[in-house]
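Below is coords_17.csv, which holds CSV, C-alpha atoms.
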chain,number,residue,atom,x,y,z
A,17,SER,CA,48.1,-9.0,76.9
A,18,PRO,CA,45.3,-6.7,75.7
A,19,HIS,CA,46.5,-3.2,74.8
A,20,THR,CA,45.6,-0.3,72.6
A,21,ARG,CA,46.5,-0.6,68.9
A,22,VAL,CA,46.5,2.4,66.6
A,23,SER,CA,45.9,1.8,62.9
A,24,GLY,CA,45.7,4.0,59.9
A,25,GLN,CA,48.9,6.0,60.8
A,26,ASP,CA,51.6,6.0,58.2
A,27,SER,CA,54.9,7.3,59.5
A,28,ASP,CA,56.4,7.3,56.0
A,29,ALA,CA,53.6,9.4,54.5
A,30,ILE,CA,54.7,12.5,52.6
A,31,SER,CA,54.0,15.6,54.7
A,32,SER,CA,52.0,18.5,53.4
A,33,ILE,CA,53.8,21.5,52.0
A,34,PRO,CA,54.6,24.2,54.5
A,35,THR,CA,51.7,26.6,55.0
A,36,ALA,CA,54.0,29.7,55.4
A,37,ALA,CA,55.6,29.1,52.0
A,38,ILE,CA,52.3,29.3,50.1
A,39,GLU,CA,49.9,31.3,52.4
A,40,PRO,CA,50.1,34.6,50.3
A,41,PHE,CA,49.4,32.6,47.1
A,42,LEU,CA,46.3,31.1,48.6
A,43,THR,CA,44.7,34.3,49.9
A,44,GLN,CA,45.7,36.9,47.4
A,45,PRO,CA,44.9,37.3,43.7
A,46,ILE,CA,47.6,35.9,41.4
A,47,VAL,CA,46.3,35.4,37.9
A,48,VAL,CA,43.1,36.8,36.4
A,49,ASP,CA,41.6,36.0,33.0
A,50,ALA,CA,40.4,38.6,30.5
A,51,GLU,CA,36.8,38.3,31.8
A,52,THR,CA,38.0,39.2,35.4
A,53,LEU,CA,40.2,41.9,34.0
A,54,ALA,CA,37.1,43.6,32.5
A,55,THR,CA,35.2,43.6,35.8
A,56,PRO,CA,33.3,46.8,36.4
A,57,ALA,CA,34.0,46.8,40.2
A,58,ARG,CA,36.5,49.5,41.0
A,59,ILE,CA,37.3,52.4,43.2
A,60,PHE,CA,36.2,55.6,41.5
A,61,SER,CA,36.4,58.3,44.1
A,62,LEU,CA,38.3,59.1,47.4
A,63,PRO,CA,37.0,61.6,49.9
A,64,GLU,CA,38.5,65.0,50.7
A,65,GLY,CA,40.7,65.1,47.6
A,66,ARG,CA,42.9,62.2,48.7
A,67,VAL,CA,45.1,60.6,46.1
A,68,TYR,CA,45.7,57.2,47.8
A,69,LEU,CA,43.8,55.1,50.3
A,70,GLY,CA,45.3,53.6,53.5
A,71,LYS,CA,44.1,51.2,56.2
A,72,GLY,CA,41.1,52.5,58.0
A,73,GLU,CA,40.2,55.0,55.4
A,74,THR,CA,37.1,55.0,53.2
A,75,ALA,CA,36.5,55.1,49.4
A,76,TYR,CA,33.6,55.0,47.0
A,77,ALA,CA,33.2,52.1,44.6
A,78,ARG,CA,31.0,51.4,41.6
A,79,GLY,CA,30.3,48.2,39.7
A,80,LEU,CA,29.7,45.9,42.7
A,81,PRO,CA,27.0,43.3,41.8
A,82,ASP,CA,23.5,43.3,43.2
A,83,GLY,CA,22.7,40.5,45.7
A,84,GLN,CA,24.8,38.9,48.4
A,85,MET,CA,28.3,39.8,47.1
A,86,GLY,CA,27.5,43.5,47.1
A,87,GLN,CA,25.9,43.6,50.6
A,88,ALA,CA,27.3,45.5,53.5
A,89,GLY,CA,29.9,43.5,55.4
A,90,THR,CA,31.3,41.6,52.4
A,91,GLU,CA,35.0,41.8,51.7
A,92,TRP,CA,36.8,42.6,48.5
A,93,GLN,CA,40.4,42.5,47.4
A,94,ALA,CA,42.0,45.4,45.5
A,95,TYR,CA,44.4,44.7,42.7
A,96,ARG,CA,45.9,46.0,39.6
A,97,PRO,CA,46.9,44.0,36.6
A,98,VAL,CA,50.7,44.1,36.0
A,99,LYS,CA,51.4,42.4,32.7
A,100,PRO,CA,50.4,39.4,30.6
A,101,LEU,CA,51.7,36.1,31.6
A,102,LYS,CA,52.9,34.4,28.4
A,103,ASP,CA,53.4,30.7,27.6
A,104,PRO,CA,57.2,30.2,27.1
A,105,VAL,CA,56.5,27.6,24.5
A,106,THR,CA,53.7,29.2,22.3
A,107,GLY,CA,53.9,32.8,23.3
A,108,ASN,CA,50.1,32.9,24.0
A,109,VAL,CA,48.8,34.9,26.9
A,110,LEU,CA,47.8,32.5,29.7
A,111,GLY,CA,46.3,35.3,31.9
A,112,TYR,CA,47.2,38.5,33.6
A,113,GLU,CA,49.3,38.7,36.8
A,114,ALA,CA,47.4,40.6,39.5
A,115,ASP,CA,49.3,42.8,41.9
A,116,TYR,CA,47.5,42.5,45.2
A,117,LEU,CA,47.1,45.9,46.9
A,118,GLY,CA,44.8,45.3,49.9
A,119,THR,CA,41.4,44.3,51.3
A,120,LEU,CA,38.3,46.4,51.7
A,121,ARG,CA,34.9,45.8,53.3
A,122,VAL,CA,31.5,47.2,52.1
A,123,VAL,CA,30.3,49.7,54.7
A,124,ARG,CA,27.2,50.9,52.9
A,125,ALA,CA,25.8,49.1,49.9
A,126,ALA,CA,23.7,50.5,47.0
A,127,ILE,CA,21.8,48.9,44.2
A,128,GLY,CA,21.4,49.9,40.6
A,129,PRO,CA,23.5,50.8,37.6
A,130,GLN,CA,24.5,54.2,39.0
A,131,ALA,CA,24.9,52.8,42.6
A,132,VAL,CA,27.7,54.1,44.7
A,133,SER,CA,28.9,51.8,47.6
A,134,LYS,CA,31.0,53.0,50.5
A,135,MET,CA,34.0,50.8,51.4
A,136,GLU,CA,36.6,50.8,54.2
A,137,ALA,CA,40.2,49.6,53.8
A,138,LEU,CA,40.9,46.7,56.1
A,139,SER,CA,44.5,46.3,55.0
A,140,SER,CA,46.8,48.1,52.6
A,141,LYS,CA,49.8,46.3,51.2
A,142,GLU,CA,50.4,49.0,48.5
A,143,GLU,CA,48.8,52.3,47.6
A,144,MET,CA,45.2,52.1,46.4
A,145,GLY,CA,43.5,54.9,44.4
A,146,VAL,CA,41.0,55.8,41.8
A,147,GLY,CA,40.8,53.1,39.1
A,148,THR,CA,41.9,50.3,41.4
A,149,GLN,CA,40.0,47.2,40.5
A,150,LEU,CA,38.1,44.9,42.9
A,151,MET,CA,37.4,41.2,43.1
A,152,PRO,CA,35.6,39.2,45.8
A,153,VAL,CA,37.7,37.6,48.5
A,154,PRO,CA,38.2,34.0,47.3
A,155,PRO,CA,36.9,31.2,49.5
A,156,ARG,CA,39.5,29.8,51.9
A,157,VAL,CA,41.5,27.0,50.3
A,158,PRO,CA,42.5,24.0,52.4
A,159,VAL,CA,46.3,24.0,52.9
A,160,ARG,CA,46.7,20.2,53.4
A,161,TYR,CA,46.9,18.1,50.3
A,162,VAL,CA,47.5,14.4,49.6
A,163,PRO,CA,50.6,14.3,47.3
A,164,HIS,CA,49.9,12.1,44.3
A,165,ALA,CA,51.0,11.9,40.6
A,166,PRO,CA,48.6,12.8,37.9
A,167,ALA,CA,46.6,9.8,36.5
A,168,GLY,CA,47.5,10.6,32.9
A,169,ASP,CA,50.4,12.0,30.9
A,170,VAL,CA,51.1,15.6,31.8
A,171,HIS,CA,53.5,17.8,29.8
A,172,GLY,CA,54.1,21.5,30.5
A,173,ALA,CA,56.7,24.1,31.2
A,174,VAL,CA,57.7,26.6,33.9
A,175,ALA,CA,56.2,30.0,32.7
A,176,LYS,CA,57.6,32.1,35.6
A,177,VAL,CA,59.7,32.0,38.7
A,178,THR,CA,57.9,34.2,41.3
A,179,GLY,CA,59.7,36.9,43.1
A,180,GLY,CA,60.9,38.8,40.1
A,181,VAL,CA,64.0,36.6,39.7
A,182,ARG,CA,65.2,34.6,36.7
A,183,PHE,CA,66.2,31.5,38.5
A,184,GLY,CA,64.7,29.6,41.4
A,185,GLY,CA,65.3,26.6,43.7
A,186,THR,CA,64.0,24.5,46.5
A,187,ASP,CA,61.1,26.1,48.5
A,188,GLN,CA,60.4,28.6,45.7
A,189,VAL,CA,57.1,29.0,43.9
A,190,VAL,CA,56.9,28.7,40.1
A,191,VAL,CA,54.1,29.3,37.7
A,192,LEU,CA,53.3,26.5,35.2
A,193,ASN,CA,51.8,26.9,31.7
A,194,ILE,CA,49.2,24.2,32.3
A,195,GLY,CA,46.1,24.1,34.6
A,196,SER,CA,42.8,22.5,35.3
A,197,GLN,CA,42.0,22.2,31.6
A,198,GLN,CA,45.0,19.9,31.2
A,199,GLY,CA,43.9,17.8,34.2
A,200,LEU,CA,46.0,19.4,37.0
A,201,GLU,CA,44.6,19.6,40.5
A,202,PRO,CA,46.0,20.6,43.9
A,203,GLY,CA,48.2,17.9,45.3
A,204,HIS,CA,49.7,16.8,42.0
A,205,VAL,CA,53.4,16.2,42.1
A,206,LEU,CA,55.3,16.8,38.9
A,207,ALA,CA,58.9,16.1,37.8
A,208,LEU,CA,61.1,19.0,36.8
A,209,SER,CA,63.6,18.5,34.0
A,210,ARG,CA,65.7,20.4,31.5
A,211,ALA,CA,66.6,19.6,27.9
A,212,GLY,CA,70.2,18.7,27.4
A,213,ALA,CA,72.6,21.0,25.7
A,214,VAL,CA,73.7,20.6,22.1
A,215,VAL,CA,77.4,19.6,22.1
A,216,LYS,CA,79.9,18.7,19.5
A,217,ASP,CA,81.2,15.1,19.3
A,218,ALA,CA,84.9,15.5,18.7
A,219,THR,CA,85.1,11.7,18.0
A,220,ALA,CA,82.7,12.1,15.0
A,221,GLY,CA,84.0,15.1,13.2
A,222,ASN,CA,82.4,17.6,15.6
A,223,GLU,CA,78.9,16.4,14.8
A,224,ARG,CA,76.3,18.3,16.9
A,225,VAL,CA,74.5,16.0,19.3
A,226,GLN,CA,71.5,16.7,21.6
A,227,LEU,CA,72.1,15.5,25.1
A,228,PRO,CA,69.1,13.7,26.8
A,229,GLU,CA,66.7,15.5,29.0
A,230,GLU,CA,67.7,15.3,32.7
A,231,ARG,CA,65.3,15.3,35.7
A,232,TYR,CA,66.5,17.4,38.5
A,233,GLY,CA,63.6,17.9,41.0
A,234,LEU,CA,60.0,17.8,42.0
A,235,ALA,CA,57.2,20.5,42.1
A,236,PHE,CA,54.1,20.3,44.3
A,237,VAL,CA,51.0,21.9,42.7
A,238,PHE,CA,48.9,23.8,45.3
A,239,ARG,CA,46.8,26.3,43.3
A,240,VAL,CA,45.2,25.7,39.9
A,241,PHE,CA,43.6,28.0,37.4
A,242,PRO,CA,42.1,27.0,34.0
A,243,HIS,CA,45.3,27.7,32.1
A,244,VAL,CA,48.0,28.0,34.8
A,245,ALA,CA,49.0,26.5,38.1
A,246,TYR,CA,51.2,27.4,41.0
A,247,ALA,CA,53.7,24.9,42.4
A,248,LEU,CA,56.2,24.8,45.2
A,249,VAL,CA,59.6,23.4,44.3
A,250,THR,CA,60.2,20.7,47.0
A,251,ASP,CA,63.3,19.2,45.8
A,252,ALA,CA,65.8,20.4,43.2
A,253,SER,CA,69.4,19.5,42.5
A,254,ASN,CA,69.7,22.3,39.9
A,255,THR,CA,68.3,25.8,39.5
A,256,VAL,CA,64.8,26.2,38.1
A,257,GLU,CA,64.5,28.3,35.0
A,258,VAL,CA,61.7,29.5,32.7
A,259,GLY,CA,61.1,27.0,30.0
A,260,ASP,CA,62.1,23.9,32.1
A,261,ALA,CA,59.8,21.0,31.5
A,262,VAL,CA,57.3,19.5,34.0
A,263,SER,CA,55.7,16.1,33.6
A,264,ASN,CA,54.2,13.2,35.4
A,265,PRO,CA,57.0,11.8,37.5
A,266,MET,CA,55.9,8.2,36.8
A,267,THR,CA,56.9,8.7,33.1
A,268,GLN,CA,60.4,10.0,34.1
A,269,PRO,CA,63.4,7.7,33.7
As structure tokens:
Amino acid sequence: SPHTRVSGQDSDAISSIPTAAIEPFLTQPIVVDAETLATPARIFSLPEGRVYLGKGETAYARGLPDGQMGQAGTEWQAYRPVKPLKDPVTGNVLGYEADYLGTLRVVRAAIGPQAVSKMEALSSKEEMGVGTQLMPVPPRVPVRYVPHAPAGDVHGAVAKVTGGVRFGGTDQVVVLNIGSQQGLEPGHVLALSRAGAVVKDATAGNERVQLPEERYGLAFVFRVFPHVAYALVTDASNTVEVGDAVSNPMTQP
């Protein structure tokens, strides 16, 4: 008999990565390039001889651009560069990790090279003071992605395990040494693997033999910069370590 039919629903579809696991990485500065590092926007003075700025307090900034981004009501994020993020393979600097400190809003804008803008701290994760650098709040990034493998061959490595630890695992965020310039985009799923150890073959006079690379998990890319990307480890049967390989899962054995 006639009845309602629902089409276009796939109960076996891969669900999106959990929002809570990646929310801080979507809304806060993570990696900045040398150009961003040299931004002139910074806090240069605090009122009443204060050393640090807290939520609800005001500060004075210079270097904000003329135009819409520097107008009253616009929001900026405060950060300090921590250290260079280096490629574990080449040793080259991929970018500079940004330590997110808080968010400020322009209360009174000013125009010109000597302009001083007044700002109010909306949030304070860590202490902000004179010399703290500023960047515009990035546009909101959608948190639902369609999981898919890269179209072409992708080869990279884990550059860092976030959280200040040496090893990672499932539901942990890792930094990759490849980004948009290598064809990565949010939603890409990559295979994690580790080179096999070099062992001695006692049956052949202790000849040294390289064991094959072994795949042990998957990583879901959710934020991409030109030279680096952030990915959530969604499945891992082994610990994740800096230097482990990432590649297109379709090319894995």
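Considering only C-alpha atoms, the residue among A:Asp187, A:Asp169, A:Glu230, A:Glu73 positioned nearest to A:Ser140 is A:Glu73.
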ask   = Looking at all atoms listed in the file, which of A:Val105, A:Ala245, A:Leu117, A:Val153 is the one that sits closest to A:Gly259?
value =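 Result for the nearest residue to A:Gly259: A:Val105.
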note = Restricting to all atoms listed in the file, whichever of A:Phe241, A:Tyr246, A:Tyr112, A:Phe236 is closest to A:Leu192 is A:Tyr246
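With all atoms listed in the file taken into account, the protein and nucleic acid residues at most 8 Å from stretch 199-207 of chain A (excluding it and anything under 6 positions from it in its own chain) are Tyr161, Val162, Pro163, His164, Ala165, Pro166, Val170, Arg231, Tyr232, Gly233, Leu234, Ala235, Phe236, Val237, Phe238, Arg239, Val240, Ala245, Val262, Ser263, Asn264, Pro265 and Gln268 of chain A.
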task = Tell me, in Å to one decimal, how far atom CA of A:Leu53 is from atom CA of A:Leu248.
result = 26.0 Å
Pull stretch 104-142 of chain A out of the block and emit C-alpha atoms, as a tab-separated table (two decimals), in the first residue's frame.
chain	number	residue	atom	x	y	z
A	104	PRO	CA	61.04	15.66	11.32
A	105	VAL	CA	62.31	14.57	7.90
A	106	THR	CA	64.10	17.65	6.54
A	107	GLY	CA	64.59	19.75	9.65
A	108	ASN	CA	63.08	22.79	7.87
A	109	VAL	CA	60.84	25.18	9.82
A	110	LEU	CA	57.20	24.54	8.85
A	111	GLY	CA	55.81	27.43	10.90
A	112	TYR	CA	55.66	28.76	14.43
A	113	GLU	CA	53.40	27.34	17.08
A	114	ALA	CA	51.14	30.01	18.53
A	115	ASP	CA	50.27	29.95	22.22
A	116	TYR	CA	46.68	31.25	22.44
A	117	LEU	CA	46.24	33.70	25.33
A	118	GLY	CA	42.76	35.17	24.95
A	119	THR	CA	40.35	37.28	22.89
A	120	LEU	CA	39.96	41.07	22.80
A	121	ARG	CA	37.46	43.45	21.22
A	122	VAL	CA	38.20	46.89	19.79
A	123	VAL	CA	36.42	49.46	21.97
A	124	ARG	CA	37.74	52.61	20.34
A	125	ALA	CA	39.44	52.51	16.95
A	126	ALA	CA	42.00	54.95	15.57
A	127	ILE	CA	43.48	55.50	12.11
A	128	GLY	CA	47.01	56.34	11.05
A	129	PRO	CA	50.59	55.09	11.59
A	130	GLN	CA	50.70	56.48	15.15
A	131	ALA	CA	47.12	55.40	15.95
A	132	VAL	CA	46.32	53.94	19.34
A	133	SER	CA	43.27	51.67	19.65
A	134	LYS	CA	41.62	50.81	22.94
A	135	MET	CA	40.71	47.16	23.47
A	136	GLU	CA	38.83	45.15	26.08
A	137	ALA	CA	39.67	41.57	27.04
A	138	LEU	CA	36.70	39.27	26.42
A	139	SER	CA	38.47	36.17	27.65
A	140	SER	CA	41.83	35.37	29.18
A	141	LYS	CA	43.24	31.87	29.01
A	142	GLU	CA	46.71	32.99	30.07
